[in-house]
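K.L.:
The following file, start36.cif, comprises mmCIF, C-alpha atoms:
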```cif
data_final
loop_
_atom_site.label_atom_id
_atom_site.label_comp_id
_atom_site.auth_asym_id
_atom_site.auth_seq_id
_atom_site.Cartn_x
_atom_site.Cartn_y
_atom_site.Cartn_z
CA MET O 1 -40.50 48.09 -38.50
CA ILE O 2 -40.66 47.33 -34.78
CA VAL O 3 -39.72 43.70 -35.44
CA GLU O 4 -36.73 44.80 -37.54
CA VAL O 5 -35.51 47.14 -34.79
CA PHE O 6 -35.90 44.38 -32.20
CA ILE O 7 -33.98 41.91 -34.35
CA TYR O 8 -31.26 44.51 -34.93
CA PHE O 9 -30.81 45.19 -31.20
CA LEU O 10 -30.91 41.47 -30.43
CA PHE O 11 -28.24 40.83 -33.05
CA MET O 12 -26.04 43.66 -31.72
CA SER O 13 -26.43 42.42 -28.14
CA VAL O 14 -25.41 38.91 -29.11
CA LEU O 15 -22.49 40.29 -31.12
CA ILE O 16 -21.23 42.37 -28.16
CA VAL O 17 -21.47 39.39 -25.82
CA VAL O 18 -19.67 37.13 -28.28
CA VAL O 19 -16.92 39.67 -28.89
CA THR O 20 -16.31 40.43 -25.18
CA ASP O 21 -16.33 36.74 -24.24
CA ILE O 22 -14.63 35.10 -27.21
CA LEU O 23 -11.93 37.64 -28.06
CA PRO O 24 -9.96 37.25 -24.79
CA ILE O 25 -10.04 33.45 -25.19
CA MET O 26 -8.86 33.70 -28.79
CA ASN O 27 -6.15 36.21 -27.88
CA ASN O 28 -4.82 33.86 -25.22
CA TRP O 29 -4.82 30.90 -27.57
CA ILE O 30 -3.01 32.81 -30.30
CA GLY O 31 -0.62 34.48 -27.83
CA ARG O 32 0.50 31.13 -26.46
CA ILE O 33 1.61 29.80 -29.81
CA HIS O 34 5.41 29.29 -29.63
CA ILE O 35 5.45 30.11 -25.89
CA GLY O 36 8.63 29.36 -23.96
CA ARG O 37 11.15 29.52 -26.80
CA TYR O 38 13.51 32.01 -25.18
CA ASN O 39 16.93 30.46 -24.56
CA ASP O 40 19.06 33.59 -24.59
CA GLU O 41 18.83 35.71 -21.42
CA LEU O 42 19.81 38.95 -23.16
CA LEU O 43 17.12 38.47 -25.78
CA TRP O 44 14.60 37.59 -23.08
CA ASN O 45 15.55 40.65 -21.04
CA ASN O 46 15.08 42.97 -24.02
CA SER O 47 11.79 41.35 -24.96
CA ILE O 48 10.15 41.50 -21.52
CA THR O 49 11.44 45.05 -21.01
CA ASN O 50 10.02 46.24 -24.33
CA ARG O 51 6.68 44.75 -23.38
CA ALA O 52 6.77 46.45 -19.97
CA THR O 53 7.61 49.80 -21.57
CA SER O 54 4.60 49.54 -23.84
CA TRP O 55 2.41 48.70 -20.82
CA LEU O 56 3.58 51.53 -18.57
CA LEU O 57 1.26 54.14 -20.07
CA LYS O 58 -1.44 51.69 -21.07
CA THR O 59 -1.39 49.01 -18.40
CA PRO O 60 -3.57 45.99 -19.17
CA LYS O 61 -6.70 45.87 -17.02
CA ILE O 62 -6.58 43.05 -14.51
CA LYS O 63 -9.89 41.33 -13.88
CA VAL O 64 -11.36 41.19 -10.40
CA THR O 65 -13.60 38.29 -11.42
CA ASP O 66 -12.68 34.86 -12.79
CA ASN O 67 -15.88 34.85 -14.80
CA SER O 68 -15.24 34.33 -18.52
CA ARG O 69 -18.86 34.42 -19.70
CA LEU O 70 -21.13 37.42 -20.10
CA ILE O 71 -18.29 39.62 -18.84
CA ILE O 72 -20.05 42.65 -20.31
CA ILE O 73 -22.34 42.45 -17.25
CA ASP O 74 -19.33 42.66 -14.91
CA MET O 75 -18.11 45.67 -16.87
CA PHE O 76 -21.43 47.47 -16.48
CA LYS O 77 -21.54 46.66 -12.75
CA GLY O 78 -17.99 47.90 -12.23
CA ASN O 79 -16.85 44.45 -11.13
CA TYR O 80 -14.43 43.85 -13.99
CA THR O 81 -11.40 45.70 -12.62
CA LYS O 82 -10.47 48.13 -9.84
CA SER O 83 -7.91 50.94 -9.60
CA THR O 84 -6.32 49.46 -6.46
CA ILE O 85 -5.27 46.39 -8.42
CA GLN O 86 -3.78 48.64 -11.08
CA HIS O 87 -1.60 50.50 -8.54
CA TRP O 88 0.60 47.52 -7.82
CA GLN O 89 0.69 46.51 -11.48
CA LYS O 90 2.07 49.93 -12.44
CA ALA O 91 4.44 49.98 -9.48
CA SER O 92 6.02 46.70 -10.51
CA LEU O 93 6.46 47.79 -14.13
CA LEU O 94 8.13 50.96 -12.91
CA LEU O 95 10.42 49.07 -10.52
CA GLY O 96 11.41 46.72 -13.32
CA LEU O 97 12.27 49.54 -15.70
CA ILE O 98 14.25 51.29 -12.95
CA GLU O 99 16.37 48.15 -12.50
CA TYR O 100 16.88 47.91 -16.27
CA LEU O 101 18.08 51.53 -16.42
CA LYS O 102 20.87 50.80 -13.94
CA THR O 103 22.83 49.06 -16.70
CA ASN O 104 21.09 50.45 -19.79
CA ARG O 105 20.80 54.18 -20.29
CA ASP O 106 17.68 54.32 -22.43
CA LYS O 107 16.30 57.81 -23.04
CA GLU O 108 13.09 56.44 -24.56
CA ILE O 109 12.25 54.59 -21.35
CA GLU O 110 13.09 57.67 -19.30
CA ASN O 111 10.77 59.72 -21.51
CA GLN O 112 7.99 57.17 -21.02
CA ILE O 113 8.46 57.37 -17.27
CA ASN O 114 8.31 61.17 -17.36
CA ILE O 115 5.06 60.98 -19.31
CA PHE O 116 3.80 58.51 -16.71
CA LEU O 117 4.60 61.01 -13.95
CA GLU O 118 2.84 63.83 -15.81
CA LYS O 119 -0.19 61.59 -16.15
CA HIS O 120 -0.43 60.91 -12.41
CA PHE O 121 0.87 64.09 -10.74
CA ASN O 122 0.09 67.80 -11.11
CA GLN O 123 2.58 70.65 -11.43
CA LYS O 124 2.93 70.87 -7.65
CA GLY O 125 3.87 67.19 -7.40
CA GLN O 126 0.60 66.09 -5.83
CA TRP O 127 -1.50 63.15 -7.00
CA ILE O 128 -4.00 64.17 -9.68
CA GLU O 129 -6.30 61.46 -8.35
CA LYS O 130 -5.46 60.84 -4.71
CA PRO O 131 -5.33 57.15 -3.81
CA LYS O 132 -7.75 55.93 -1.17
CA HIS O 133 -6.08 52.68 -0.16
CA ILE O 134 -2.65 51.69 1.15
CA ASP O 135 -2.00 49.55 -1.95
CA SER O 136 -0.73 52.76 -3.55
CA ALA O 137 2.29 52.90 -1.22
CA ILE O 138 4.22 50.49 -3.42
CA LEU O 139 3.72 52.87 -6.35
CA ALA O 140 5.03 55.74 -4.22
CA TYR O 141 8.01 53.54 -3.34
CA ALA O 142 8.73 52.95 -7.02
CA ILE O 143 8.68 56.69 -7.69
CA MET O 144 11.15 57.26 -4.85
CA LYS O 145 13.55 54.86 -6.59
CA LEU O 146 13.82 57.03 -9.71
CA ASP O 147 17.30 58.55 -9.80
CA PHE O 148 16.85 60.94 -12.73
CA ILE O 149 14.08 63.09 -11.23
CA ASP O 150 13.94 65.62 -8.40
CA ILE O 151 12.09 63.49 -5.87
CA ASP O 152 11.51 66.47 -3.57
CA LYS O 153 9.15 67.85 -6.20
CA TYR O 154 6.81 64.99 -5.29
CA LYS O 155 7.16 65.32 -1.53
CA SER O 156 3.54 66.42 -1.07
CA ALA O 157 2.39 63.21 -2.80
CA LEU O 158 4.73 61.12 -0.66
CA ASP O 159 3.54 62.92 2.49
CA TYR O 160 -0.01 62.11 1.49
CA ILE O 161 0.82 58.38 1.30
CA TRP O 162 2.41 58.51 4.75
CA GLU O 163 -0.73 60.24 6.08
CA LEU O 164 -2.88 57.57 4.42
CA ILE O 165 -0.86 54.78 6.03
CA ASN O 166 -0.84 56.58 9.38
CA ASP O 167 -4.62 56.84 9.22
CA HIS O 168 -4.79 53.04 8.89
CA ILE O 169 -2.77 52.27 12.02
CA GLY O 170 -4.92 50.12 14.29
CA ASN O 171 -5.11 49.68 18.04
CA ASP O 172 -2.25 47.17 17.98
CA GLY O 173 0.10 49.67 16.35
CA THR O 174 0.17 47.95 12.94
CA VAL O 175 -1.45 48.93 9.66
CA GLU O 176 -4.89 47.80 8.55
CA TYR O 177 -5.44 46.60 4.99
CA ARG O 178 -8.84 48.35 4.90
CA LYS O 179 -10.61 50.51 7.48
CA PHE O 180 -13.63 48.21 7.47
CA MET O 181 -11.37 45.22 8.27
CA GLU O 182 -9.72 46.72 11.33
CA ASN O 183 -9.16 43.42 13.13
CA TYR O 184 -7.39 41.69 10.24
CA ARG O 185 -3.75 41.97 9.18
CA TYR O 186 -3.06 40.91 5.60
CA ILE O 187 0.27 39.62 4.33
CA ASP O 188 -0.21 41.79 1.21
CA THR O 189 0.19 44.89 3.38
CA ILE O 190 3.83 44.06 4.13
CA GLY O 191 4.71 44.25 0.44
CA PHE O 192 2.56 47.33 -0.09
CA ILE O 193 3.87 49.56 2.68
CA CYS O 194 7.15 48.41 4.25
CA PRO O 195 9.54 49.31 1.39
CA PHE O 196 7.91 52.75 1.12
CA LEU O 197 8.01 53.38 4.87
CA SER O 198 11.70 52.48 5.11
CA THR O 199 12.67 54.59 2.07
CA TYR O 200 10.53 57.55 3.10
CA GLY O 201 11.81 57.30 6.68
CA ILE O 202 15.46 57.34 5.61
CA LYS O 203 14.95 60.13 3.08
CA TYR O 204 13.06 62.48 5.39
CA ASN O 205 14.52 61.39 8.72
CA LYS O 206 11.30 59.91 10.10
CA GLU O 207 12.28 57.08 12.39
CA ASP O 208 8.65 56.38 13.28
CA CYS O 209 8.09 55.30 9.66
CA ILE O 210 11.00 52.88 9.80
CA ASN O 211 9.85 51.50 13.15
CA LEU O 212 6.36 50.97 11.75
CA ALA O 213 7.76 48.97 8.81
CA LEU O 214 9.78 46.78 11.17
CA LYS O 215 6.84 46.32 13.54
CA GLN O 216 4.58 45.24 10.66
CA ILE O 217 7.07 42.54 9.69
CA GLU O 218 7.81 41.43 13.26
CA GLU O 219 4.14 41.13 14.21
CA TYR O 220 3.45 39.03 11.14
CA GLU O 221 6.34 36.75 11.96
CA LYS O 222 4.93 36.40 15.47
CA TYR O 223 1.28 35.73 14.66
CA GLY O 224 1.01 34.98 10.94
CA MET O 225 3.47 32.11 10.57
CA LEU O 226 2.91 28.37 10.93
CA LYS O 227 4.97 27.39 13.95
CA ASP O 228 8.08 25.28 13.30
CA ASN O 229 7.58 25.68 9.52
CA GLY O 230 7.86 29.42 8.85
CA ILE O 231 5.08 29.39 6.24
CA PRO O 232 2.89 32.50 6.36
CA CYS O 233 -0.89 32.50 6.29
CA HIS O 234 -2.92 34.98 4.26
CA VAL O 235 -4.36 36.92 7.23
CA TYR O 236 -4.45 36.82 11.01
CA ASP O 237 -6.91 38.28 13.51
CA ILE O 238 -5.22 40.72 15.92
CA ASN O 239 -7.64 39.94 18.74
CA SER O 240 -7.79 36.15 18.69
CA LYS O 241 -4.39 35.70 16.98
CA VAL O 242 -6.13 33.10 14.82
CA PRO O 243 -4.74 32.63 11.28
CA LEU O 244 -7.21 33.04 8.42
CA GLY O 245 -7.10 31.88 4.84
CA LEU O 246 -4.47 29.60 3.39
CA PHE O 247 -1.06 28.76 4.80
CA GLY O 248 1.34 28.68 1.88
CA TRP O 249 -0.48 30.88 -0.65
CA GLY O 250 2.25 31.48 -3.22
CA ARG O 251 1.76 35.17 -3.90
CA GLY O 252 1.33 35.69 -0.17
CA LEU O 253 4.86 34.38 0.29
CA GLY O 254 5.84 36.77 -2.50
CA TRP O 255 4.29 39.78 -0.75
CA PHE O 256 6.10 38.96 2.47
CA ALA O 257 9.34 38.32 0.58
CA ILE O 258 9.43 41.63 -1.29
CA GLY O 259 8.35 43.57 1.79
CA LEU O 260 11.17 41.95 3.77
CA ILE O 261 13.93 42.14 1.18
CA ASP O 262 13.21 45.63 -0.18
CA THR O 263 12.99 46.98 3.37
CA TRP O 264 16.37 45.41 4.11
CA ASN O 265 17.82 46.84 0.91
CA GLU O 266 16.77 50.33 1.97
CA LEU O 267 18.02 49.97 5.55
CA LYS O 268 21.13 47.82 5.16
CA GLY O 269 23.38 50.86 5.42
CA SER O 270 22.31 51.09 9.07
CA LYS O 271 23.64 48.48 11.51
CA LYS O 272 20.81 49.42 13.87
CA TYR O 273 18.27 47.48 11.79
CA ASN O 274 20.45 44.92 10.04
CA VAL O 275 20.77 41.98 12.40
CA LYS O 276 17.07 41.26 12.94
CA LEU O 277 16.21 41.66 9.26
CA GLU O 278 19.10 39.49 8.14
CA ASP O 279 18.05 36.67 10.45
CA SER O 280 14.50 36.92 9.08
CA ILE O 281 15.77 36.86 5.50
CA LYS O 282 17.97 33.80 6.06
CA ASN O 283 15.19 31.89 7.80
CA PHE O 284 12.61 32.75 5.16
CA ALA O 285 15.03 31.94 2.32
CA LYS O 286 15.40 28.40 3.67
CA VAL O 287 11.62 28.02 3.74
CA VAL O 288 11.22 29.38 0.21
CA ILE O 289 13.92 27.11 -1.26
CA LYS O 290 12.38 24.09 0.43
CA TYR O 291 9.15 24.49 -1.53
CA GLN O 292 10.56 25.26 -4.97
CA GLN O 293 9.26 22.78 -7.54
CA PRO O 294 11.52 20.71 -9.84
CA ASN O 295 10.48 22.97 -12.75
CA GLY O 296 12.04 25.97 -10.97
CA GLY O 297 8.78 27.64 -10.02
CA TRP O 298 6.56 27.86 -6.96
CA ASN O 299 2.99 26.63 -7.08
CA TRP O 300 0.08 28.86 -6.15
CA THR O 301 -0.12 26.74 -2.99
CA VAL O 302 3.57 26.19 -2.37
CA THR O 303 3.10 23.16 -0.13
CA ARG O 304 1.18 21.14 -2.75
CA SER O 305 3.02 19.69 -5.71
CA GLU O 306 -0.32 18.99 -7.42
CA CYS O 307 -1.17 22.70 -7.75
CA ARG O 308 -0.46 24.82 -10.78
CA THR O 309 2.79 26.78 -10.85
CA ASP O 310 2.25 30.52 -10.44
CA SER O 311 4.53 32.93 -12.30
CA SER O 312 3.80 35.82 -9.93
CA SER O 313 4.97 33.77 -6.94
CA THR O 314 8.02 32.63 -8.88
CA ALA O 315 9.00 36.14 -10.00
CA THR O 316 8.73 37.68 -6.53
CA LEU O 317 10.42 34.81 -4.71
CA GLY O 318 13.16 34.71 -7.34
CA TRP O 319 13.80 38.43 -6.72
CA PHE O 320 13.91 37.80 -2.98
CA LEU O 321 16.43 34.97 -3.27
CA LEU O 322 18.68 36.83 -5.67
CA ASN O 323 18.97 39.63 -3.11
CA ALA O 324 19.24 37.23 -0.17
CA ALA O 325 22.27 35.70 -1.89
CA GLN O 326 24.27 38.64 -0.53
CA LEU O 327 24.12 37.02 2.92
CA LYS O 328 26.67 34.47 4.09
CA GLY O 329 25.35 31.03 4.90
CA VAL O 330 22.59 31.01 2.28
CA SER O 331 24.34 32.61 -0.69
CA SER O 332 25.03 29.60 -2.92
CA ASP O 333 21.64 28.00 -2.33
CA CYS O 334 19.86 31.29 -3.04
CA LEU O 335 21.78 31.84 -6.27
CA GLU O 336 21.06 28.33 -7.49
CA SER O 337 17.38 28.65 -6.65
CA SER O 338 16.99 32.08 -8.25
CA ASP O 339 18.67 30.78 -11.41
CA LYS O 340 16.10 27.98 -11.62
CA ALA O 341 13.33 30.53 -11.16
CA ILE O 342 14.59 32.65 -14.06
CA ARG O 343 14.76 29.56 -16.28
CA TYR O 344 11.18 28.69 -15.41
CA LEU O 345 9.99 32.24 -16.18
CA MET O 346 11.77 32.21 -19.54
CA GLY O 347 9.89 29.00 -20.28
CA VAL O 348 6.47 30.61 -19.76
CA THR O 349 7.14 33.79 -21.72
CA ARG O 350 5.10 34.36 -24.84
CA LYS O 351 6.69 35.26 -28.15
CA SER O 352 5.43 38.83 -27.57
CA GLY O 353 7.53 39.13 -24.40
CA SER O 354 4.58 38.76 -22.01
CA VAL O 355 5.23 36.43 -19.07
CA ASP O 356 2.22 34.12 -18.76
CA PHE O 357 0.47 31.93 -16.17
CA SER O 358 0.19 34.25 -13.17
CA GLN O 359 -2.67 33.66 -10.77
CA GLY O 360 -5.47 36.21 -10.98
CA ASP O 361 -6.63 38.58 -8.27
CA THR O 362 -7.72 37.13 -4.92
CA LYS O 363 -11.44 37.49 -4.21
CA ASP O 364 -11.48 37.28 -0.42
CA ILE O 365 -9.74 35.63 2.51
CA GLY O 366 -9.42 32.00 1.48
CA VAL O 367 -10.99 32.60 -1.94
CA TYR O 368 -8.28 32.41 -4.59
CA SER O 369 -8.36 32.80 -8.33
CA SER O 370 -8.44 29.80 -10.65
CA SER O 371 -7.41 31.99 -13.57
CA PHE O 372 -3.76 32.03 -14.73
CA ASN O 373 -2.82 34.63 -17.27
CA ILE O 374 -0.71 37.72 -17.93
CA LEU O 375 -0.03 40.00 -14.95
CA PRO O 376 2.06 43.19 -15.32
CA PHE O 377 3.12 42.74 -11.69
CA THR O 378 4.93 39.54 -12.67
CA GLN O 379 6.49 41.23 -15.69
CA GLY O 380 8.08 43.91 -13.52
CA PHE O 381 9.64 41.45 -11.09
CA CYS O 382 11.04 39.37 -13.92
CA ILE O 383 12.78 42.48 -15.20
CA ARG O 384 14.01 43.35 -11.71
CA SER O 385 15.51 39.88 -11.28
CA ILE O 386 17.30 39.47 -14.60
CA ASN O 387 18.74 42.99 -14.46
CA LEU O 388 19.88 42.63 -10.87
CA ARG O 389 21.77 39.55 -11.99
CA VAL O 390 23.31 41.46 -14.90
CA LEU O 391 24.34 44.25 -12.52
CA SER O 392 25.82 41.76 -10.03
CA GLU O 393 27.86 40.09 -12.77
CA LEU O 394 29.20 43.45 -13.97
CA GLN O 395 30.21 44.42 -10.44
CA SER O 396 31.96 41.06 -9.94
CA LYS O 397 33.98 41.58 -13.11
CA ARG O 398 35.05 45.04 -11.97
CA VAL O 399 36.23 43.69 -8.61
CA SER O 400 38.20 40.84 -10.21
#
```
Output the file's structure in the form of structure tokens.
P.N.:
Amino acid sequence: MIVEVFIYFLFMSVLIVVVTDILPIMNNWIGRIHIGRYNDELLWNNSITNRATSWLLKTPKIKVTDNSRLIIIDMFKGNYTKSTIQHWQKASLLLGLIEYLKTNRDKEIENQINIFLEKHFNQKGQWIEKPKHIDSAILAYAIMKLDFIDIDKYKSALDYIWELINDHIGNDGTVEYRKFMENYRYIDTIGFICPFLSTYGIKYNKEDCINLALKQIEEYEKYGMLKDNGIPCHVYDINSKVPLGLFGWGRGLGWFAIGLIDTWNELKGSKKYNVKLEDSIKNFAKVVIKYQQPNGGWNWTVTRSECRTDSSSTATLGWFLLNAAQLKGVSSDCLESSDKAIRYLMGVTRKSGSVDFSQGDTKDIGVYSSSFNILPFTQGFCIRSINLRVLSELQSKRVS
């Protein structure tokens, strides 16, 4: 009897390991059958948006680890995924759907978003589970972009995010990525906080928030860029001013790009902030275009043609360039480049509507993922880009 029980438990253990390890590999293989067959932009837009809508309430878990064997152990240890990663996945999906709704009044999507809000906020508009890290600011930014809700209902939640960011301001007057890394300034932080700070500052007349967003960008331009090339590094040390990690990390360029362009979008009604931001956008746009690959994408290390193309870098930089095209002097080049980016992203979209081949989560400074798979963050920025282009075309027709 004891032997039978032992054999049973051994069999079940092996079965669990096989299922947790093999199923994701099989799902990827099957999912990639007929990948890249979208030729019609309208069809592609509908497909990626439908996929994003289905993910909003049940967002796919993004792995922290690249490990593909015995992943059940990572699950038990709590190393498989983390809530902070999920914040920016959900934020991007929400931002994508918001852009889609600008030209498509879809009550079903609005209902899904309302359910999403009920899931994350209580009746008083406060977070049900209060975020602990500044990554959540981009989700708060997405919520502030919703035009069919009473945003003031959620003011206490937005105030909490401002307090969280304020608590992470270091001795140099810029925001720390984590409290235990007080001497480091990450490029990710610009994308996480600057759009929120600018929107929140305009909405509630808090100029110190706007100034903080601008300072975060300016300091990174000063200390986190490769001189004479304009390529950002992953991190810099505020004391030594020494750059850390990789110069030219693709998604790092993406984080800087969306922080810069979304901040400008929120502040461009004010001439007070426009000139400096516009110069930064033009300069960075030239850098970004320079490193676009012939296939229309950007590699995970943008300066190396031998590296694999990263869909998350391509989606965020495509969004940046499409917005930057509003500026004289770079407009035509930005439009051409963003069009190539959209074509590349269509070419790596699965039949299901999931955009594939995004680099996985970064492990540490200078330690980057070798996994390329589905990332909801990429999905959202694809939707933002294609729908911004649709909106721009509609507005051009009205003017003519």
K.L.:
Need to verify the contact set: region 48-54 of chain O, 9 Å, only C-alpha atoms, exclusion of same-chain residues closer than 3 positions in sequence. Can you return it as a PyMOL selection string?
P.N.:
chain O and resi 43-45+57-59+93-94+96-97+100+109+112-113+349+352-355+376+379-380+382-383
K.L.:
To verify the selection step, state as an mmCIF file with C-alpha atoms, keeping the file's coordinate frame which residues the PyMOL selection byres ((chain O and resi 288) around 12) yields on this input.
P.N.:
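Dumped to selection30.cif:
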```cif
data_model
loop_
_atom_site.group_PDB
_atom_site.id
_atom_site.type_symbol
_atom_site.label_atom_id
_atom_site.label_comp_id
_atom_site.auth_asym_id
_atom_site.auth_seq_id
_atom_site.Cartn_x
_atom_site.Cartn_y
_atom_site.Cartn_z
ATOM 1 C CA ASN O 229 7.580 25.680 9.520
ATOM 2 C CA GLY O 230 7.860 29.420 8.850
ATOM 3 C CA ILE O 231 5.080 29.390 6.240
ATOM 4 C CA PRO O 232 2.890 32.500 6.360
ATOM 5 C CA GLY O 248 1.340 28.680 1.880
ATOM 6 C CA TRP O 249 -0.480 30.880 -0.650
ATOM 7 C CA GLY O 250 2.250 31.480 -3.220
ATOM 8 C CA ARG O 251 1.760 35.170 -3.900
ATOM 9 C CA GLY O 252 1.330 35.690 -0.170
ATOM 10 C CA LEU O 253 4.860 34.380 0.290
ATOM 11 C CA GLY O 254 5.840 36.770 -2.500
ATOM 12 C CA PHE O 256 6.100 38.960 2.470
ATOM 13 C CA ALA O 257 9.340 38.320 0.580
ATOM 14 C CA ILE O 281 15.770 36.860 5.500
ATOM 15 C CA LYS O 282 17.970 33.800 6.060
ATOM 16 C CA ASN O 283 15.190 31.890 7.800
ATOM 17 C CA PHE O 284 12.610 32.750 5.160
ATOM 18 C CA ALA O 285 15.030 31.940 2.320
ATOM 19 C CA LYS O 286 15.400 28.400 3.670
ATOM 20 C CA VAL O 287 11.620 28.020 3.740
ATOM 21 C CA ILE O 289 13.920 27.110 -1.260
ATOM 22 C CA LYS O 290 12.380 24.090 0.430
ATOM 23 C CA TYR O 291 9.150 24.490 -1.530
ATOM 24 C CA GLN O 292 10.560 25.260 -4.970
ATOM 25 C CA GLN O 293 9.260 22.780 -7.540
ATOM 26 C CA GLY O 296 12.040 25.970 -10.970
ATOM 27 C CA GLY O 297 8.780 27.640 -10.020
ATOM 28 C CA TRP O 298 6.560 27.860 -6.960
ATOM 29 C CA ASN O 299 2.990 26.630 -7.080
ATOM 30 C CA VAL O 302 3.570 26.190 -2.370
ATOM 31 C CA THR O 303 3.100 23.160 -0.130
ATOM 32 C CA SER O 313 4.970 33.770 -6.940
ATOM 33 C CA THR O 314 8.020 32.630 -8.880
ATOM 34 C CA THR O 316 8.730 37.680 -6.530
ATOM 35 C CA LEU O 317 10.420 34.810 -4.710
ATOM 36 C CA GLY O 318 13.160 34.710 -7.340
ATOM 37 C CA TRP O 319 13.800 38.430 -6.720
ATOM 38 C CA PHE O 320 13.910 37.800 -2.980
ATOM 39 C CA LEU O 321 16.430 34.970 -3.270
ATOM 40 C CA ALA O 324 19.240 37.230 -0.170
ATOM 41 C CA VAL O 330 22.590 31.010 2.280
ATOM 42 C CA ASP O 333 21.640 28.000 -2.330
ATOM 43 C CA CYS O 334 19.860 31.290 -3.040
ATOM 44 C CA SER O 337 17.380 28.650 -6.650
ATOM 45 C CA SER O 338 16.990 32.080 -8.250
ATOM 46 C CA ALA O 341 13.330 30.530 -11.160
#
```
K.L.:
Enumerate, as number ranges by chain, the residues matched when the PyMOL selection byres ((chain O and resi 166-171) around 12) is run on the file above.
P.N.:
O: 132-135, 137, 159-165, 172-185, 189, 193, 197, 208-209, 212-213, 215-216, 238-239
K.L.:
Which residues would end up in the selection if the PyMOL selection byres ((chain O and resi 389) around 12) were applied here, given that I need the answer as a count of residues only?
P.N.:
32
K.L.:
Would you give the centre and edge lengths, in Å to one decimal, of a box along x, y and z around the listed atoms of region 318-324 of chain O, with 3 Å added to each side, as AutoDock Vina command-line options?
P.N.:
```
--center_x 16.2 --center_y 37.2 --center_z -3.8 --size_x 12.1 --size_y 10.9 --size_z 13.2
```
K.L.:
Which value, in Å to one decimal, gives the distance between CA of Tyr273 (chain O) and CA of Glu219 (chain O)?
P.N.:
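Those two atoms sit 15.7 Å apart.
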K.L.:
Counting all atoms listed in the file, which of O:Leu267, O:Ile33, O:Leu146, O:Val235 gets nearest to Val348 (chain O)?
P.N.:
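Smallest distance to Val348 (chain O) is found for O:Ile33.
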K.L.:
Determine, counting all atoms listed in the file, every residue of protein, DNA or RNA that lies within 12 Å of (3.1, 63.1, -11.1) in the file coordinates, then give the result as a PyMOL selection string.
P.N.:
chain O and resi 113-130+139-140+143-144+149-158
K.L.:
Work out how far CA of Asn274 (chain O) is from CA of Val242 (chain O), in Å to one decimal.
P.N.:
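Value for the CA of Val242 (chain O)-CA of Asn274 (chain O) distance: 29.5 Å.
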K.L.:
Which residue gives the smallest distance to Phe196 (chain O) among O:Leu246, O:Asn211, O:Tyr38, O:Tyr141, with all atoms listed in the file counted?
P.N.:
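The closest residue to Phe196 (chain O) is O:Tyr141.
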K.L.:
What does the distance between CA of Asn265 (chain O) and CA of Ile374 (chain O) come to in Å, to one decimal place?
P.N.:
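Computing it gives 28.0 Å between the two atoms.
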K.L.:
Which of these residues is nearest to Phe377 (chain O), using all atoms listed in the file: O:Lys268, O:His87, O:Arg37, O:Arg350?
P.N.:
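Answer, going by the shortest atom-to-atom distance: O:His87.
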K.L.:
From the options O:Ser280, O:Thr301, O:Ser332, O:Thr378, which residue's atoms come nearest to Ala315 (chain O), counting all atoms listed in the file?
P.N.:
O:Thr378
K.L.:
Find, counting all atoms listed in the file, the residue in O:Tyr186, O:Trp264, O:Trp300, O:Phe192 that gets nearest to Asp364 (chain O).
P.N.:
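For Asp364 (chain O), the nearest of the given residues is O:Tyr186.
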K.L.:
Any chance you could build region 348-357 of chain O out to N, CA and C atoms and write it as a CSV table (one decimal), in the coordinates of the input?
P.N.:
```csv
chain,number,residue,atom,x,y,z
O,348,VAL,N,7.9,30.3,-19.7
O,348,VAL,CA,6.5,30.6,-19.8
O,348,VAL,C,6.3,32.0,-20.3
O,349,THR,N,7.2,32.5,-21.1
O,349,THR,CA,7.1,33.8,-21.7
O,349,THR,C,6.7,33.6,-23.2
O,350,ARG,N,5.6,34.4,-23.5
O,350,ARG,CA,5.1,34.4,-24.8
O,350,ARG,C,6.1,35.0,-25.8
O,351,LYS,N,5.9,34.7,-27.1
O,351,LYS,CA,6.7,35.3,-28.2
O,351,LYS,C,6.7,36.8,-28.1
O,352,SER,N,5.6,37.4,-27.6
O,352,SER,CA,5.4,38.8,-27.6
O,352,SER,C,6.3,39.5,-26.5
O,353,GLY,N,6.8,38.6,-25.5
O,353,GLY,CA,7.5,39.1,-24.4
O,353,GLY,C,6.7,39.2,-23.1
O,354,SER,N,5.4,38.8,-23.2
O,354,SER,CA,4.6,38.8,-22.0
O,354,SER,C,4.8,37.5,-21.2
O,355,VAL,N,5.1,37.6,-19.9
O,355,VAL,CA,5.2,36.4,-19.1
O,355,VAL,C,3.8,35.9,-18.7
O,356,ASP,N,3.6,34.7,-18.9
O,356,ASP,CA,2.2,34.1,-18.8
O,356,ASP,C,2.1,33.3,-17.5
O,357,PHE,N,0.9,32.9,-17.2
O,357,PHE,CA,0.5,31.9,-16.2
O,357,PHE,C,0.7,32.5,-14.7
```
